[in-house]
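Structure file protein15.pdb with PDB, C-alpha atoms, pLDDT in the B column:
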MODEL        1
ATOM      1  CA  MET A1128      -2.089 -92.925 -17.538  1.00 96.00           C
ATOM      2  CA  ASN A1129       0.843 -91.511 -19.467  1.00 96.00           C
ATOM      3  CA  LYS A1130       3.556 -89.175 -18.185  1.00 96.00           C
ATOM      4  CA  GLN A1131       1.690 -85.973 -19.067  1.00 97.00           C
ATOM      5  CA  GLU A1132      -1.569 -87.207 -17.519  1.00 97.00           C
ATOM      6  CA  ILE A1133       0.151 -88.197 -14.278  1.00 98.00           C
ATOM      7  CA  ILE A1134       1.928 -84.860 -14.018  1.00 97.00           C
ATOM      8  CA  GLN A1135      -1.330 -83.017 -14.737  1.00 98.00           C
ATOM      9  CA  CYS A1136      -3.107 -84.984 -12.002  1.00 98.00           C
ATOM     10  CA  LEU A1137      -0.285 -84.253  -9.554  1.00 98.00           C
ATOM     11  CA  ARG A1138      -0.546 -80.537 -10.395  1.00 98.00           C
ATOM     12  CA  GLU A1139      -4.298 -80.659  -9.759  1.00 98.00           C
ATOM     13  CA  LEU A1140      -3.635 -82.515  -6.513  1.00 98.00           C
ATOM     14  CA  ASP A1141      -1.335 -79.619  -5.567  1.00 98.00           C
ATOM     15  CA  GLN A1142      -4.101 -77.120  -6.406  1.00 98.00           C
ATOM     16  CA  GLU A1143      -6.595 -79.036  -4.270  1.00 98.00           C
ATOM     17  CA  LEU A1144      -4.115 -79.061  -1.357  1.00 98.00           C
ATOM     18  CA  SER A1145      -3.623 -75.319  -1.821  1.00 98.00           C
ATOM     19  CA  ARG A1146      -7.388 -74.808  -1.635  1.00 97.00           C
ATOM     20  CA  LEU A1147      -7.381 -76.800   1.617  1.00 96.00           C
ATOM     21  CA  GLU A1148      -4.327 -74.874   2.875  1.00 97.00           C
ATOM     22  CA  VAL A1149      -2.377 -78.118   3.364  1.00 98.00           C
ATOM     23  CA  LYS A1150       1.203 -78.979   2.434  1.00 98.00           C
ATOM     24  CA  GLY A1151       1.725 -82.559   1.302  1.00 98.00           C
ATOM     25  CA  GLU A1152       4.397 -84.988   0.251  1.00 98.00           C
ATOM     26  CA  VAL A1153       4.184 -87.930  -2.124  1.00 98.00           C
ATOM     27  CA  CYS A1154       6.833 -90.518  -2.959  1.00 98.00           C
ATOM     28  CA  LEU A1155       6.060 -92.380  -6.168  1.00 98.00           C
ATOM     29  CA  TYR A1156       6.928 -96.007  -6.930  1.00 97.00           C
ATOM     30  CA  GLY A1157       6.440 -98.665  -9.553  1.00 92.00           C
ATOM     31  CA  GLY A1158       5.187 -98.101 -13.056  1.00 92.00           C
ATOM     32  CA  ALA A1159       4.626 -94.379 -12.606  1.00 96.00           C
ATOM     33  CA  VAL A1160       8.329 -93.825 -11.943  1.00 97.00           C
ATOM     34  CA  LEU A1161       9.328 -96.122 -14.801  1.00 95.00           C
ATOM     35  CA  CYS A1162       6.982 -94.181 -17.071  1.00 94.00           C
ATOM     36  CA  MET A1163       7.883 -90.648 -15.977  1.00 95.00           C
ATOM     37  CA  VAL A1164      11.533 -90.772 -14.922  1.00 95.00           C
ATOM     38  CA  PHE A1165      13.057 -93.620 -16.925  1.00 91.00           C
ATOM     39  CA  GLU A1166      10.659 -93.635 -19.891  1.00 87.00           C
ATOM     40  CA  ALA A1167      10.713 -97.439 -19.815  1.00 87.00           C
ATOM     41  CA  ARG A1168       7.058 -97.623 -20.745  1.00 90.00           C
ATOM     42  CA  PRO A1169       4.466 -95.276 -22.230  1.00 92.00           C
ATOM     43  CA  SER A1170       1.919 -95.553 -19.411  1.00 94.00           C
ATOM     44  CA  THR A1171       0.796 -97.185 -16.175  1.00 93.00           C
ATOM     45  CA  LYS A1172      -2.635 -98.180 -14.898  1.00 92.00           C
ATOM     46  CA  ASP A1173      -2.235 -96.457 -11.515  1.00 94.00           C
ATOM     47  CA  VAL A1174       0.170 -94.462  -9.382  1.00 97.00           C
ATOM     48  CA  ASP A1175       1.700 -96.344  -6.465  1.00 96.00           C
ATOM     49  CA  ALA A1176       2.811 -93.958  -3.752  1.00 98.00           C
ATOM     50  CA  ILE A1177       3.245 -93.203  -0.104  1.00 98.00           C
ATOM     51  CA  PHE A1178       1.805 -89.854   0.891  1.00 98.00           C
ATOM     52  CA  HIS A1179       1.407 -87.542   3.853  1.00 98.00           C
ATOM     53  CA  PRO A1180      -0.965 -86.395   5.222  1.00 98.00           C
ATOM     54  CA  ALA A1181      -2.605 -89.554   3.945  1.00 97.00           C
ATOM     55  CA  ASP A1182      -6.248 -88.761   4.711  1.00 97.00           C
ATOM     56  CA  VAL A1183      -6.145 -85.279   3.142  1.00 98.00           C
ATOM     57  CA  ILE A1184      -4.258 -86.425   0.049  1.00 98.00           C
ATOM     58  CA  ARG A1185      -6.632 -89.360  -0.397  1.00 97.00           C
ATOM     59  CA  LYS A1186      -9.613 -86.955  -0.362  1.00 97.00           C
ATOM     60  CA  ALA A1187      -7.871 -84.547  -2.744  1.00 98.00           C
ATOM     61  CA  ALA A1188      -7.000 -87.446  -5.068  1.00 98.00           C
ATOM     62  CA  ASP A1189     -10.684 -88.433  -5.086  1.00 97.00           C
ATOM     63  CA  LYS A1190     -11.557 -84.963  -6.421  1.00 97.00           C
ATOM     64  CA  VAL A1191      -8.929 -85.303  -9.151  1.00 98.00           C
ATOM     65  CA  ALA A1192     -10.299 -88.750 -10.005  1.00 98.00           C
ATOM     66  CA  GLN A1193     -13.822 -87.355 -10.365  1.00 97.00           C
ATOM     67  CA  ALA A1194     -12.627 -84.502 -12.576  1.00 96.00           C
ATOM     68  CA  HIS A1195     -10.895 -86.908 -14.967  1.00 95.00           C
ATOM     69  CA  ASP A1196     -13.162 -89.949 -14.686  1.00 96.00           C
ATOM     70  CA  LEU A1197     -10.300 -91.960 -13.161  1.00 96.00           C
ATOM     71  CA  PRO A1198     -10.624 -94.941 -10.822  1.00 96.00           C
ATOM     72  CA  VAL A1199     -10.776 -93.834  -7.183  1.00 93.00           C
ATOM     73  CA  ASP A1200      -7.487 -95.634  -6.564  1.00 95.00           C
ATOM     74  CA  TRP A1201      -5.550 -93.945  -9.374  1.00 97.00           C
ATOM     75  CA  LEU A1202      -3.268 -92.768  -6.554  1.00 98.00           C
ATOM     76  CA  ASN A1203      -2.944 -95.550  -4.004  1.00 97.00           C
ATOM     77  CA  ASP A1204      -0.709 -96.539  -1.118  1.00 96.00           C
ATOM     78  CA  ALA A1205      -0.897-100.323  -1.525  1.00 93.00           C
ATOM     79  CA  VAL A1206       2.886-100.307  -1.916  1.00 94.00           C
ATOM     80  CA  LYS A1207       3.428 -99.194   1.698  1.00 93.00           C
ATOM     81  CA  GLY A1208       3.703-102.769   2.957  1.00 89.00           C
ATOM     82  CA  PHE A1209       6.749-103.364   0.737  1.00 90.00           C
ATOM     83  CA  VAL A1210       8.689-100.160   1.348  1.00 95.00           C
ATOM     84  CA  VAL A1211      11.844-100.207   3.462  1.00 96.00           C
ATOM     85  CA  PRO A1212      14.104 -97.228   4.279  1.00 96.00           C
ATOM     86  CA  HIS A1213      15.784 -95.824   1.164  1.00 97.00           C
ATOM     87  CA  LYS A1214      17.020 -92.591  -0.390  1.00 97.00           C
ATOM     88  CA  THR A1215      14.783 -90.443  -2.542  1.00 97.00           C
ATOM     89  CA  ARG A1216      15.224 -87.513  -4.869  1.00 97.00           C
ATOM     90  CA  SER A1217      12.955 -84.626  -5.719  1.00 98.00           C
ATOM     91  CA  PHE A1218      10.867 -85.004  -8.855  1.00 97.00           C
ATOM     92  CA  LEU A1219       8.346 -82.149  -8.650  1.00 97.00           C
ATOM     93  CA  ASP A1220       8.435 -79.226  -6.273  1.00 98.00           C
ATOM     94  CA  LEU A1221       5.007 -77.640  -6.358  1.00 98.00           C
ATOM     95  CA  PRO A1222       3.752 -74.957  -3.955  1.00 98.00           C
ATOM     96  CA  ASN A1223       1.716 -77.360  -1.793  1.00 98.00           C
ATOM     97  CA  LEU A1224       2.974 -80.742  -2.952  1.00 98.00           C
ATOM     98  CA  LYS A1225       6.489 -82.136  -2.940  1.00 98.00           C
ATOM     99  CA  VAL A1226       6.862 -85.214  -5.145  1.00 98.00           C
ATOM    100  CA  TYR A1227       9.764 -87.605  -4.673  1.00 98.00           C
ATOM    101  CA  VAL A1228      10.982 -90.757  -6.394  1.00 98.00           C
ATOM    102  CA  PRO A1229      13.330 -93.457  -5.109  1.00 98.00           C
ATOM    103  CA  GLU A1230      16.872 -93.827  -6.381  1.00 97.00           C
ATOM    104  CA  PRO A1231      17.109 -96.305  -9.289  1.00 97.00           C
ATOM    105  CA  ASP A1232      18.826 -98.996  -7.213  1.00 98.00           C
ATOM    106  CA  TYR A1233      15.956 -99.116  -4.748  1.00 98.00           C
ATOM    107  CA  LEU A1234      13.400 -99.205  -7.529  1.00 96.00           C
ATOM    108  CA  LEU A1235      15.315-102.112  -9.091  1.00 96.00           C
ATOM    109  CA  ALA A1236      15.281-103.962  -5.763  1.00 96.00           C
ATOM    110  CA  MET A1237      11.519-103.492  -5.416  1.00 94.00           C
ATOM    111  CA  LYS A1238      10.792-104.404  -9.032  1.00 92.00           C
ATOM    112  CA  THR A1239      13.053-107.462  -8.902  1.00 92.00           C
ATOM    113  CA  LEU A1240      11.488-108.725  -5.706  1.00 88.00           C
ATOM    114  CA  SER A1241       7.942-108.324  -6.975  1.00 83.00           C
ATOM    115  CA  ALA A1242       8.660-109.129 -10.623  1.00 73.00           C
ATOM    116  CA  ARG A1243       6.114-110.951 -12.654  1.00 72.00           C
ATOM    117  CA  VAL A1244       8.320-112.421 -15.344  1.00 63.00           C
ATOM    118  CA  GLU A1245       5.893-111.433 -18.098  1.00 68.00           C
ATOM    119  CA  GLY A1246       4.666-108.018 -19.097  1.00 71.00           C
ATOM    120  CA  PRO A1247       5.773-104.593 -17.945  1.00 78.00           C
ATOM    121  CA  ASP A1248       7.783-105.803 -14.938  1.00 82.00           C
ATOM    122  CA  GLN A1249      10.224-107.553 -17.256  1.00 85.00           C
ATOM    123  CA  ILE A1250      10.684-104.376 -19.303  1.00 87.00           C
ATOM    124  CA  ASP A1251      11.045-102.304 -16.121  1.00 91.00           C
ATOM    125  CA  VAL A1252      13.743-104.547 -14.650  1.00 93.00           C
ATOM    126  CA  ARG A1253      15.675-104.578 -17.918  1.00 93.00           C
ATOM    127  CA  ARG A1254      15.535-100.775 -18.144  1.00 94.00           C
ATOM    128  CA  LEU A1255      16.765-100.347 -14.568  1.00 96.00           C
ATOM    129  CA  ILE A1256      19.608-102.817 -15.125  1.00 97.00           C
ATOM    130  CA  GLN A1257      20.604-100.743 -18.131  1.00 96.00           C
ATOM    131  CA  GLU A1258      20.264 -97.477 -16.177  1.00 96.00           C
ATOM    132  CA  LEU A1259      22.518 -98.817 -13.426  1.00 98.00           C
ATOM    133  CA  ASP A1260      24.941-100.360 -15.962  1.00 98.00           C
ATOM    134  CA  LEU A1261      24.875-103.731 -14.222  1.00 98.00           C
ATOM    135  CA  LYS A1262      26.871-106.531 -15.835  1.00 97.00           C
ATOM    136  CA  THR A1263      25.937-109.717 -13.975  1.00 98.00           C
ATOM    137  CA  PRO A1264      23.045-111.296 -12.073  1.00 97.00           C
ATOM    138  CA  GLU A1265      25.203-111.023  -8.947  1.00 97.00           C
ATOM    139  CA  ASP A1266      25.257-107.226  -9.399  1.00 98.00           C
ATOM    140  CA  VAL A1267      21.457-107.236  -9.332  1.00 97.00           C
ATOM    141  CA  PHE A1268      21.244-109.551  -6.322  1.00 97.00           C
ATOM    142  CA  LYS A1269      23.702-107.373  -4.358  1.00 97.00           C
ATOM    143  CA  ILE A1270      21.378-104.425  -4.852  1.00 98.00           C
ATOM    144  CA  VAL A1271      18.294-106.419  -3.863  1.00 96.00           C
ATOM    145  CA  GLU A1272      20.075-107.714  -0.739  1.00 96.00           C
ATOM    146  CA  LYS A1273      21.044-104.149   0.203  1.00 97.00           C
ATOM    147  CA  TYR A1274      17.350-103.574   0.952  1.00 97.00           C
ATOM    148  CA  TYR A1275      15.693-106.972   1.428  1.00 95.00           C
ATOM    149  CA  PRO A1276      16.716-110.309   2.967  1.00 94.00           C
ATOM    150  CA  LYS A1277      18.106-112.799   0.464  1.00 91.00           C
ATOM    151  CA  GLU A1278      15.411-115.306   1.455  1.00 92.00           C
ATOM    152  CA  ARG A1279      12.756-113.075  -0.102  1.00 90.00           C
ATOM    153  CA  ILE A1280      14.168-113.593  -3.593  1.00 89.00           C
ATOM    154  CA  LYS A1281      12.017-116.311  -5.166  1.00 88.00           C
ATOM    155  CA  PRO A1282      13.695-118.985  -7.324  1.00 90.00           C
ATOM    156  CA  ALA A1283      11.597-117.872 -10.311  1.00 87.00           C
ATOM    157  CA  THR A1284      12.969-114.357  -9.851  1.00 89.00           C
ATOM    158  CA  GLN A1285      16.536-115.656  -9.699  1.00 92.00           C
ATOM    159  CA  PHE A1286      16.030-117.544 -12.969  1.00 92.00           C
ATOM    160  CA  PHE A1287      14.409-114.493 -14.541  1.00 91.00           C
ATOM    161  CA  ILE A1288      17.411-112.279 -13.673  1.00 94.00           C
ATOM    162  CA  GLU A1289      19.886-114.902 -14.839  1.00 94.00           C
ATOM    163  CA  GLU A1290      18.051-115.226 -18.160  1.00 92.00           C
ATOM    164  CA  ILE A1291      18.310-111.475 -18.744  1.00 91.00           C
ATOM    165  CA  PHE A1292      22.100-111.700 -18.673  1.00 94.00           C
ATOM    166  CA  GLU A1293      22.235-114.854 -20.808  1.00 92.00           C
ATOM    167  CA  GLU A1294      20.571-113.097 -23.750  1.00 80.00           C
TER     168      GLU A1294
ENDMDL
END

Would you write the structure of this file as structure tokens?
Amino acid sequence: MNKQEIIQCLRELDQELSRLEVKGEVCLYGGAVLCMVFEARPSTKDVDAIFHPADVIRKAADKVAQAHDLPVDWLNDAVKGFVVPHKTRSFLDLPNLKVYVPEPDYLLAMKTLSARVEGPDQIDVRRLIQELDLKTPEDVFKIVEKYYPKERIKPATQFFIEEIFEE
């Protein structure tokens, strides 16, 4: 899904919530944010999010999926097990759906912690380092440790971050 497709699906999700007379909130994470907010990549395969009310939004998202022949989990909350308290900012303010995104430092912490050193994660981490104007691996690790215990940073991730700054 590209930026325009995601936004269109979120607008249709808002319309479905309006039809149901429900107000909802969604906080986006991962590739969708990197695609839409930071333009680090042209598309993402799904939209990671936390949403409320979860059951109603899940049903509304199913209707959007059917209308666009999308996978049923185009909007999914698998990320919820990794989310810790953080600041967010408004991204879309629709009549029945408020859409938020995390601040770039939190997104960097999440992406760094879960980084697969190949593919889009590498591009995402590089883009966020650039966005935050970080100069050293220590700058990155300070941000990660602001949200997650140091022990959760895998050695492969440490090497990956160090390599970024050696280039």

Checklist entry - Written as JSON, numbers by chain, what is the full residue list that the PyMOL selection byres ((chain A and resi 1271-1283) around 9) yields on the file shown? => result {"A": [1211, 1212, 1213, 1232, 1233, 1235, 1236, 1237, 1239, 1240, 1241, 1244, 1266, 1267, 1268, 1269, 1270, 1284, 1285, 1286, 1287, 1288]}

Taking C-alpha atoms for each residue, export the selection above as a PDB file, keeping the file's coordinate frame.
ATOM      1  CA  VAL A1211      11.844-100.207   3.462  1.00 96.00           C
ATOM      2  CA  PRO A1212      14.104 -97.228   4.279  1.00 96.00           C
ATOM      3  CA  HIS A1213      15.784 -95.824   1.164  1.00 97.00           C
ATOM      4  CA  ASP A1232      18.826 -98.996  -7.213  1.00 98.00           C
ATOM      5  CA  TYR A1233      15.956 -99.116  -4.748  1.00 98.00           C
ATOM      6  CA  LEU A1235      15.315-102.112  -9.091  1.00 96.00           C
ATOM      7  CA  ALA A1236      15.281-103.962  -5.763  1.00 96.00           C
ATOM      8  CA  MET A1237      11.519-103.492  -5.416  1.00 94.00           C
ATOM      9  CA  THR A1239      13.053-107.462  -8.902  1.00 92.00           C
ATOM     10  CA  LEU A1240      11.488-108.725  -5.706  1.00 88.00           C
ATOM     11  CA  SER A1241       7.942-108.324  -6.975  1.00 83.00           C
ATOM     12  CA  VAL A1244       8.320-112.421 -15.344  1.00 63.00           C
ATOM     13  CA  ASP A1266      25.257-107.226  -9.399  1.00 98.00           C
ATOM     14  CA  VAL A1267      21.457-107.236  -9.332  1.00 97.00           C
ATOM     15  CA  PHE A1268      21.244-109.551  -6.322  1.00 97.00           C
ATOM     16  CA  LYS A1269      23.702-107.373  -4.358  1.00 97.00           C
ATOM     17  CA  ILE A1270      21.378-104.425  -4.852  1.00 98.00           C
ATOM     18  CA  THR A1284      12.969-114.357  -9.851  1.00 89.00           C
ATOM     19  CA  GLN A1285      16.536-115.656  -9.699  1.00 92.00           C
ATOM     20  CA  PHE A1286      16.030-117.544 -12.969  1.00 92.00           C
ATOM     21  CA  PHE A1287      14.409-114.493 -14.541  1.00 91.00           C
ATOM     22  CA  ILE A1288      17.411-112.279 -13.673  1.00 94.00           C
TER      23      ILE A1288
END

Near region 1159-1163 of chain A, 9 Å: region 1199-1272 of chain A residue rows, closest pairs, all atoms listed in the file, as a tab-separated table:
residue	atom	partner	partner_atom	distance
A:Val1228	CA	A:Val1160	CA	6.9
A:Pro1229	CA	A:Val1160	CA	8.5
A:Leu1234	CA	A:Val1160	CA	8.6
A:Asp1251	CA	A:Leu1161	CA	6.6
A:Arg1254	CA	A:Leu1161	CA	8.4
A:Leu1255	CA	A:Leu1161	CA	8.6

Checklist entry - What do you get, as a list in words, if you spell out every residue that the PyMOL selection byres ((chain A and resi 1177) around 9) selects here? => result Glu1152, Val1153, Cys1154, Leu1155, Tyr1156, Asp1175, Ala1176, Phe1178, His1179, Ala1181, Asn1203, Asp1204, Ala1205, Val1206, Lys1207 and Val1210 of chain A

Expected file: the selected residues, C-alpha atoms, as a short mmCIF file (atom, residue, chain, number, x, y, z; two decimals), keeping the file's coordinate frame:
data_model
loop_
_atom_site.label_atom_id
_atom_site.label_comp_id
_atom_site.auth_asym_id
_atom_site.auth_seq_id
_atom_site.Cartn_x
_atom_site.Cartn_y
_atom_site.Cartn_z
CA GLU A 1152 4.40 -84.99 0.25
CA VAL A 1153 4.18 -87.93 -2.12
CA CYS A 1154 6.83 -90.52 -2.96
CA LEU A 1155 6.06 -92.38 -6.17
CA TYR A 1156 6.93 -96.01 -6.93
CA ASP A 1175 1.70 -96.34 -6.46
CA ALA A 1176 2.81 -93.96 -3.75
CA PHE A 1178 1.80 -89.85 0.89
CA HIS A 1179 1.41 -87.54 3.85
CA ALA A 1181 -2.60 -89.55 3.94
CA ASN A 1203 -2.94 -95.55 -4.00
CA ASP A 1204 -0.71 -96.54 -1.12
CA ALA A 1205 -0.90 -100.32 -1.52
CA VAL A 1206 2.89 -100.31 -1.92
CA LYS A 1207 3.43 -99.19 1.70
CA VAL A 1210 8.69 -100.16 1.35
#

Checklist entry - Near region 1188-1196 of chain A, counting only C-alpha atoms, which residues have an atom at most 12 Å away, once you skip same-chain residues fewer than 4 positions from it, shown as a PyMOL selection string? => result chain A and resi 1128+1132-1144+1146+1151+1153+1173-1174+1176+1178+1180-1184+1200-1204

Checklist entry - What does the distance between CA of Asp1248 (chain A) and CA of Glu1294 (chain A) come to in Å, to one decimal place? => result 17.2 Å

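The space between CA of Pro1231 (chain A) and CA of Thr1263 (chain A) spans 16.7 Å.
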
Next on the checklist: Calculated over only C-alpha atoms, which of the candidates A:Lys1172, A:Pro1222, A:Gln1131, A:Phe1165 has the smallest distance to Lys1150 (chain A)?
Outcome noted: A:Pro1222

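Rounded to one decimal, CA of Ser1170 (chain A) and CA of Ile1250 (chain A) lie 12.4 Å from each other.
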
Checklist entry - Which of these residues is nearest to Glu1230 (chain A), using all atoms listed in the file: A:Pro1247, A:Gly1158, A:Val1199, A:Glu1258? => result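 Closest residue, counting all atoms listed in the file: A:Glu1258.
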
Item to check | Best match for closeness to Pro1264 (chain A) among A:Lys1130, A:Val1164, A:Ile1291, A:Gly1157, counting only C-alpha atoms | outcome: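 With only C-alpha atoms as the atom set, the closest residue is A:Ile1291.
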